[in-house]
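Have a look at model-v6.pdb; it's PDB, C-alpha atoms, pLDDT in the B column:
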ATOM      1  CA  MET A 503      54.813  18.229   8.168  1.00 68.00           C
ATOM      2  CA  ARG A 504      52.510  21.130   8.950  1.00 68.00           C
ATOM      3  CA  LYS A 505      51.116  21.096   5.411  1.00 70.00           C
ATOM      4  CA  THR A 506      50.347  17.382   5.645  1.00 70.00           C
ATOM      5  CA  LEU A 507      48.608  17.831   8.990  1.00 59.00           C
ATOM      6  CA  LEU A 508      46.611  20.768   7.614  1.00 59.00           C
ATOM      7  CA  ILE A 509      45.536  18.788   4.524  1.00 70.00           C
ATOM      8  CA  ILE A 510      44.506  15.778   6.613  1.00 72.00           C
ATOM      9  CA  SER A 511      42.507  18.012   8.962  1.00 64.00           C
ATOM     10  CA  ALA A 512      40.773  19.716   6.036  1.00 60.00           C
ATOM     11  CA  LEU A 513      39.855  16.351   4.496  1.00 58.00           C
ATOM     12  CA  ALA A 514      38.567  15.008   7.795  1.00 61.00           C
ATOM     13  CA  LEU A 515      36.462  18.125   8.288  1.00 60.00           C
ATOM     14  CA  SER A 516      35.010  17.952   4.768  1.00 64.00           C
ATOM     15  CA  PHE A 517      34.113  14.262   5.200  1.00 59.00           C
ATOM     16  CA  THR A 518      32.438  15.025   8.530  1.00 65.00           C
ATOM     17  CA  VAL A 519      30.385  17.853   7.030  1.00 58.00           C
ATOM     18  CA  ALA A 520      29.371  15.677   4.074  1.00 60.00           C
ATOM     19  CA  ALA A 521      28.319  12.817   6.380  1.00 59.00           C
ATOM     20  CA  LEU A 522      26.240  15.144   8.552  1.00 58.00           C
ATOM     21  CA  ALA A 523      24.550  16.696   5.524  1.00 58.00           C
ATOM     22  CA  THR A 524      23.675  13.269   4.144  1.00 59.00           C
ATOM     23  CA  GLY A 525      22.288  12.186   7.512  1.00 56.00           C
ATOM     24  CA  GLU A 526      20.061  15.240   7.721  1.00 53.00           C
ATOM     25  CA  GLN A 527      18.659  14.593   4.244  1.00 52.00           C
ATOM     26  CA  ALA A 528      17.865  11.005   5.162  1.00 50.00           C
ATOM     27  CA  LYS A 529      15.935  12.112   8.265  1.00 52.00           C
ATOM     28  CA  GLN A 530      13.625  14.455   6.360  1.00 50.00           C
ATOM     29  CA  PRO A 531      10.245  12.958   5.483  1.00 49.00           C
ATOM     30  CA  PRO A 532       9.294  12.767   1.815  1.00 48.00           C
ATOM     31  CA  THR A 533       7.707  15.917   0.500  1.00 48.00           C
ATOM     32  CA  GLY A 534       3.948  15.914   0.095  1.00 47.00           C
ATOM     33  CA  PRO A 535       1.454  13.583   1.733  1.00 53.00           C
ATOM     34  CA  GLN A 536       2.055   9.895   1.118  1.00 56.00           C
ATOM     35  CA  GLU A 537      -1.091   7.907   0.551  1.00 65.00           C
ATOM     36  CA  GLN A 538      -1.581   4.526   2.130  1.00 77.00           C
ATOM     37  CA  PRO A 539      -2.664   1.883  -0.379  1.00 82.00           C
ATOM     38  CA  GLY A 540      -5.920   0.115   0.182  1.00 82.00           C
ATOM     39  CA  PRO A 541      -6.136  -3.511   1.266  1.00 84.00           C
ATOM     40  CA  LEU A 542      -5.757  -6.395  -1.187  1.00 80.00           C
ATOM     41  CA  GLY A 543      -3.903  -4.313  -3.756  1.00 83.00           C
ATOM     42  CA  PHE A 544      -6.625  -1.708  -4.147  1.00 88.00           C
ATOM     43  CA  PRO A 545      -5.570   1.909  -4.607  1.00 89.00           C
ATOM     44  CA  GLY A 546      -5.793   4.351  -1.720  1.00 89.00           C
ATOM     45  CA  ILE A 547      -8.871   6.443  -0.985  1.00 91.00           C
ATOM     46  CA  LYS A 548      -7.327   9.610  -2.433  1.00 91.00           C
ATOM     47  CA  HIS A 549      -6.574   7.901  -5.751  1.00 90.00           C
ATOM     48  CA  LEU A 550     -10.054   6.368  -5.934  1.00 91.00           C
ATOM     49  CA  THR A 551     -11.622   9.721  -5.100  1.00 92.00           C
ATOM     50  CA  GLU A 552      -9.743  11.407  -7.932  1.00 92.00           C
ATOM     51  CA  LEU A 553     -10.287   8.586 -10.416  1.00 91.00           C
ATOM     52  CA  LEU A 554     -13.991   8.043  -9.729  1.00 93.00           C
ATOM     53  CA  MET A 555     -14.923  11.565  -8.573  1.00 95.00           C
ATOM     54  CA  LEU A 556     -16.289  10.188  -5.305  1.00 94.00           C
ATOM     55  CA  THR A 557     -18.528  12.273  -3.083  1.00 95.00           C
ATOM     56  CA  PRO A 558     -17.358  12.757   0.515  1.00 94.00           C
ATOM     57  CA  ASP A 559     -20.015  10.267   1.680  1.00 95.00           C
ATOM     58  CA  GLN A 560     -18.820   7.660  -0.812  1.00 95.00           C
ATOM     59  CA  ALA A 561     -15.180   8.183   0.215  1.00 93.00           C
ATOM     60  CA  THR A 562     -16.110   7.755   3.876  1.00 94.00           C
ATOM     61  CA  ALA A 563     -18.088   4.585   3.150  1.00 95.00           C
ATOM     62  CA  ILE A 564     -15.201   3.136   1.136  1.00 94.00           C
ATOM     63  CA  ARG A 565     -12.769   4.012   3.936  1.00 93.00           C
ATOM     64  CA  HIS A 566     -14.986   1.955   6.299  1.00 94.00           C
ATOM     65  CA  ILE A 567     -15.025  -0.931   3.809  1.00 94.00           C
ATOM     66  CA  TYR A 568     -11.225  -0.754   3.539  1.00 93.00           C
ATOM     67  CA  ASN A 569     -10.887  -0.845   7.327  1.00 93.00           C
ATOM     68  CA  ASP A 570     -13.242  -3.837   7.617  1.00 94.00           C
ATOM     69  CA  TYR A 571     -11.430  -5.786   4.922  1.00 91.00           C
ATOM     70  CA  GLN A 572      -8.020  -4.928   6.319  1.00 91.00           C
ATOM     71  CA  LYS A 573      -9.121  -6.629   9.537  1.00 92.00           C
ATOM     72  CA  LYS A 574     -10.453  -9.623   7.579  1.00 90.00           C
ATOM     73  CA  VAL A 575      -7.161  -9.929   5.681  1.00 89.00           C
ATOM     74  CA  GLN A 576      -5.191  -9.844   8.920  1.00 90.00           C
ATOM     75  CA  LYS A 577      -7.425 -12.554  10.363  1.00 89.00           C
ATOM     76  CA  ALA A 578      -7.002 -14.709   7.235  1.00 86.00           C
ATOM     77  CA  GLN A 579      -3.222 -14.282   7.421  1.00 87.00           C
ATOM     78  CA  GLN A 580      -3.205 -15.229  11.099  1.00 87.00           C
ATOM     79  CA  GLU A 581      -5.225 -18.347  10.346  1.00 85.00           C
ATOM     80  CA  ALA A 582      -2.891 -19.236   7.468  1.00 82.00           C
ATOM     81  CA  ASN A 583       0.116 -18.732   9.740  1.00 83.00           C
ATOM     82  CA  LYS A 584      -1.459 -20.923  12.403  1.00 83.00           C
ATOM     83  CA  GLU A 585      -2.164 -23.623   9.823  1.00 79.00           C
ATOM     84  CA  ALA A 586       1.383 -23.240   8.505  1.00 77.00           C
ATOM     85  CA  GLN A 587       2.790 -23.814  11.983  1.00 80.00           C
ATOM     86  CA  GLU A 588       0.690 -26.964  12.318  1.00 76.00           C
ATOM     87  CA  ASN A 589       1.725 -28.182   8.856  1.00 72.00           C
ATOM     88  CA  LYS A 590       5.353 -27.322   9.524  1.00 70.00           C
ATOM     89  CA  ALA A 591       5.302 -29.521  12.592  1.00 67.00           C
ATOM     90  CA  ALA A 592       3.928 -32.305  10.383  1.00 60.00           C
ATOM     91  CA  GLY A 593       6.521 -31.566   7.664  1.00 62.00           C
ATOM     92  CA  GLY A 594       4.126 -29.837   5.274  1.00 59.00           C
ATOM     93  CA  LYS A 595       4.417 -26.588   3.393  1.00 62.00           C
ATOM     94  CA  ALA A 596       2.819 -23.302   4.493  1.00 57.00           C
ATOM     95  CA  PRO A 597      -0.281 -22.364   2.454  1.00 62.00           C
ATOM     96  CA  PRO A 598      -0.725 -18.694   1.522  1.00 66.00           C
ATOM     97  CA  ALA A 599      -3.715 -16.833   2.909  1.00 66.00           C
ATOM     98  CA  ASP A 600      -6.637 -17.140   0.477  1.00 72.00           C
ATOM     99  CA  THR A 601      -7.713 -13.560  -0.161  1.00 79.00           C
ATOM    100  CA  LYS A 602      -9.294 -13.822  -3.620  1.00 84.00           C
ATOM    101  CA  GLY A 603     -12.763 -14.269  -2.149  1.00 88.00           C
ATOM    102  CA  LEU A 604     -12.219 -11.292   0.160  1.00 90.00           C
ATOM    103  CA  ARG A 605     -11.021  -9.217  -2.770  1.00 90.00           C
ATOM    104  CA  ASP A 606     -14.091 -10.078  -4.847  1.00 91.00           C
ATOM    105  CA  ASP A 607     -16.442  -9.375  -1.929  1.00 93.00           C
ATOM    106  CA  MET A 608     -14.809  -6.027  -1.252  1.00 93.00           C
ATOM    107  CA  ALA A 609     -15.062  -5.046  -4.923  1.00 94.00           C
ATOM    108  CA  LYS A 610     -18.785  -5.893  -4.868  1.00 95.00           C
ATOM    109  CA  GLU A 611     -19.376  -3.788  -1.757  1.00 95.00           C
ATOM    110  CA  ILE A 612     -17.550  -0.809  -3.254  1.00 95.00           C
ATOM    111  CA  SER A 613     -19.317  -1.223  -6.578  1.00 95.00           C
ATOM    112  CA  ALA A 614     -22.704  -1.119  -4.826  1.00 96.00           C
ATOM    113  CA  LEU A 615     -21.902   2.416  -3.580  1.00 95.00           C
ATOM    114  CA  LEU A 616     -21.075   3.813  -7.012  1.00 95.00           C
ATOM    115  CA  THR A 617     -23.113   5.456  -9.730  1.00 95.00           C
ATOM    116  CA  GLU A 618     -23.306   3.726 -13.116  1.00 96.00           C
ATOM    117  CA  GLU A 619     -20.572   5.954 -14.594  1.00 96.00           C
ATOM    118  CA  GLN A 620     -18.316   5.436 -11.571  1.00 95.00           C
ATOM    119  CA  ARG A 621     -18.952   1.693 -11.690  1.00 95.00           C
ATOM    120  CA  LYS A 622     -17.743   1.533 -15.316  1.00 95.00           C
ATOM    121  CA  LYS A 623     -14.495   3.293 -14.392  1.00 94.00           C
ATOM    122  CA  PHE A 624     -14.115   1.075 -11.327  1.00 93.00           C
ATOM    123  CA  ASP A 625     -14.597  -2.098 -13.400  1.00 93.00           C
ATOM    124  CA  GLU A 626     -11.996  -0.841 -15.900  1.00 92.00           C
ATOM    125  CA  MET A 627      -9.592  -0.175 -13.034  1.00 90.00           C
ATOM    126  CA  LEU A 628     -10.129  -3.696 -11.676  1.00 89.00           C
ATOM    127  CA  ALA A 629      -9.529  -5.176 -15.133  1.00 89.00           C
ATOM    128  CA  ASP A 630      -6.282  -3.191 -15.455  1.00 86.00           C
ATOM    129  CA  MET A 631      -5.188  -4.347 -12.002  1.00 81.00           C
ATOM    130  CA  GLY A 632      -5.856  -7.949 -13.044  1.00 73.00           C
ATOM    131  CA  LYS A 633      -3.766  -7.550 -16.202  1.00 70.00           C
ATOM    132  CA  LYS A 634      -0.864  -6.078 -14.241  1.00 65.00           C
ATOM    133  CA  LYS A 635      -1.069  -8.893 -11.702  1.00 61.00           C
ATOM    134  CA  LYS A 636      -0.990 -11.541 -14.448  1.00 60.00           C
ATOM    135  CA  LYS A 637       2.038  -9.855 -16.071  1.00 61.00           C
ATOM    136  CA  ALA A 638       3.894  -9.861 -12.765  1.00 59.00           C
ATOM    137  CA  ALA A 639       3.195 -13.563 -12.217  1.00 55.00           C
TER     138      ALA A 639
END
Encoded form (structure tokens):
Amino acid sequence: MRKTLLIISALALSFTVAALATGEQAKQPPTGPQEQPGPLGFPGIKHLTELLMLTPDQATAIRHIYNDYQKKVQKAQQEANKEAQENKAAGGKAPPADTKGLRDDMAKEISALLTEEQRKKFDEMLADMGKKKKKAA
């Protein structure tokens, strides 16, 4: 009887320790800085800076463009949601927010900040993003 009680206590203790260790690992943030992606599927500032060798001024300007377009995307989504609510009341289907025009405009604004060499790399990146998007669809 004592052996059984001792074995059960040991098992309970080991399960408790394992559960606590797992919980602690889950609470720890991922190692290294995590970059926020840009709006409309664009890569984050850090990735663009590395890929295009952006100057600090260019990176700052692109960060401002990202912030502006993030606000525009949110506004477009709110308008689409509002329209969806109106259509839902009438029995219609919710339209997705139209962001293609915003995406194209943002790409043009970023492209205007770049040197010719950077612009070529940026255009290649956009073409690759388009191919990946078509594959996913």
task = Identify which of the residues A:Asp570, A:Asp630, A:Asp625, A:Glu588 lies closest to A:Gly540, counting only C-alpha atoms when measuring atom-to-atom distances.
result = A:Asp570
request  = Would you list the contacts of stretch 555-561 of chain A as a PyMOL selection string, taking every protein, DNA or RNA residue within 12 Å and counting only C-alpha atoms, but skipping same-chain residues closer than 4 positions in sequence?
outcome  = chain A and resi 546-551+565-568+611-617+619-621+623-624
request  = Enter the distance from atom CA of A:Gly543 to atom CA of A:Met631, in Å, rounded to one decimal.
outcome  = 8.3 Å
key: Selected residue, from A:Glu552, A:Asp607, A:Asp600, A:Glu626, that lies nearest to A:Ala582 when counting all atoms listed in the file   =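 Counting all atoms listed in the file, the residue closest to A:Ala582 is A:Asp600.
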message = Let me make sure I understand: among A:Lys602, A:Leu554, A:Lys590, A:Met608, which one has the smallest atom-to-atom distance to A:Tyr571 if we use all atoms listed in the file?
response =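 Of A:Lys602, A:Leu554, A:Lys590, A:Met608, the one nearest A:Tyr571 is A:Met608, counting all atoms listed in the file.
Closest to A:Ala609 among A:Lys584, A:Gln576, A:Phe544, A:Lys622 is A:Phe544, based on only C-alpha atoms.
Closest approach to A:Gln579 from the set A:Ala629, A:Leu604, A:Ile509, A:Leu553 is made by A:Leu604, with distances taken over all atoms listed in the file.
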request  = Mind giving me the straight-line distance from atom CA of A:Glu585 to atom CA of A:Gln538 in Å, one decimal?
outcome  = 29.2 Å
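Atom pair atom CA of A:Asn589 / atom CA of A:Gln572 has a distance of 25.3 Å (rounded to one decimal).
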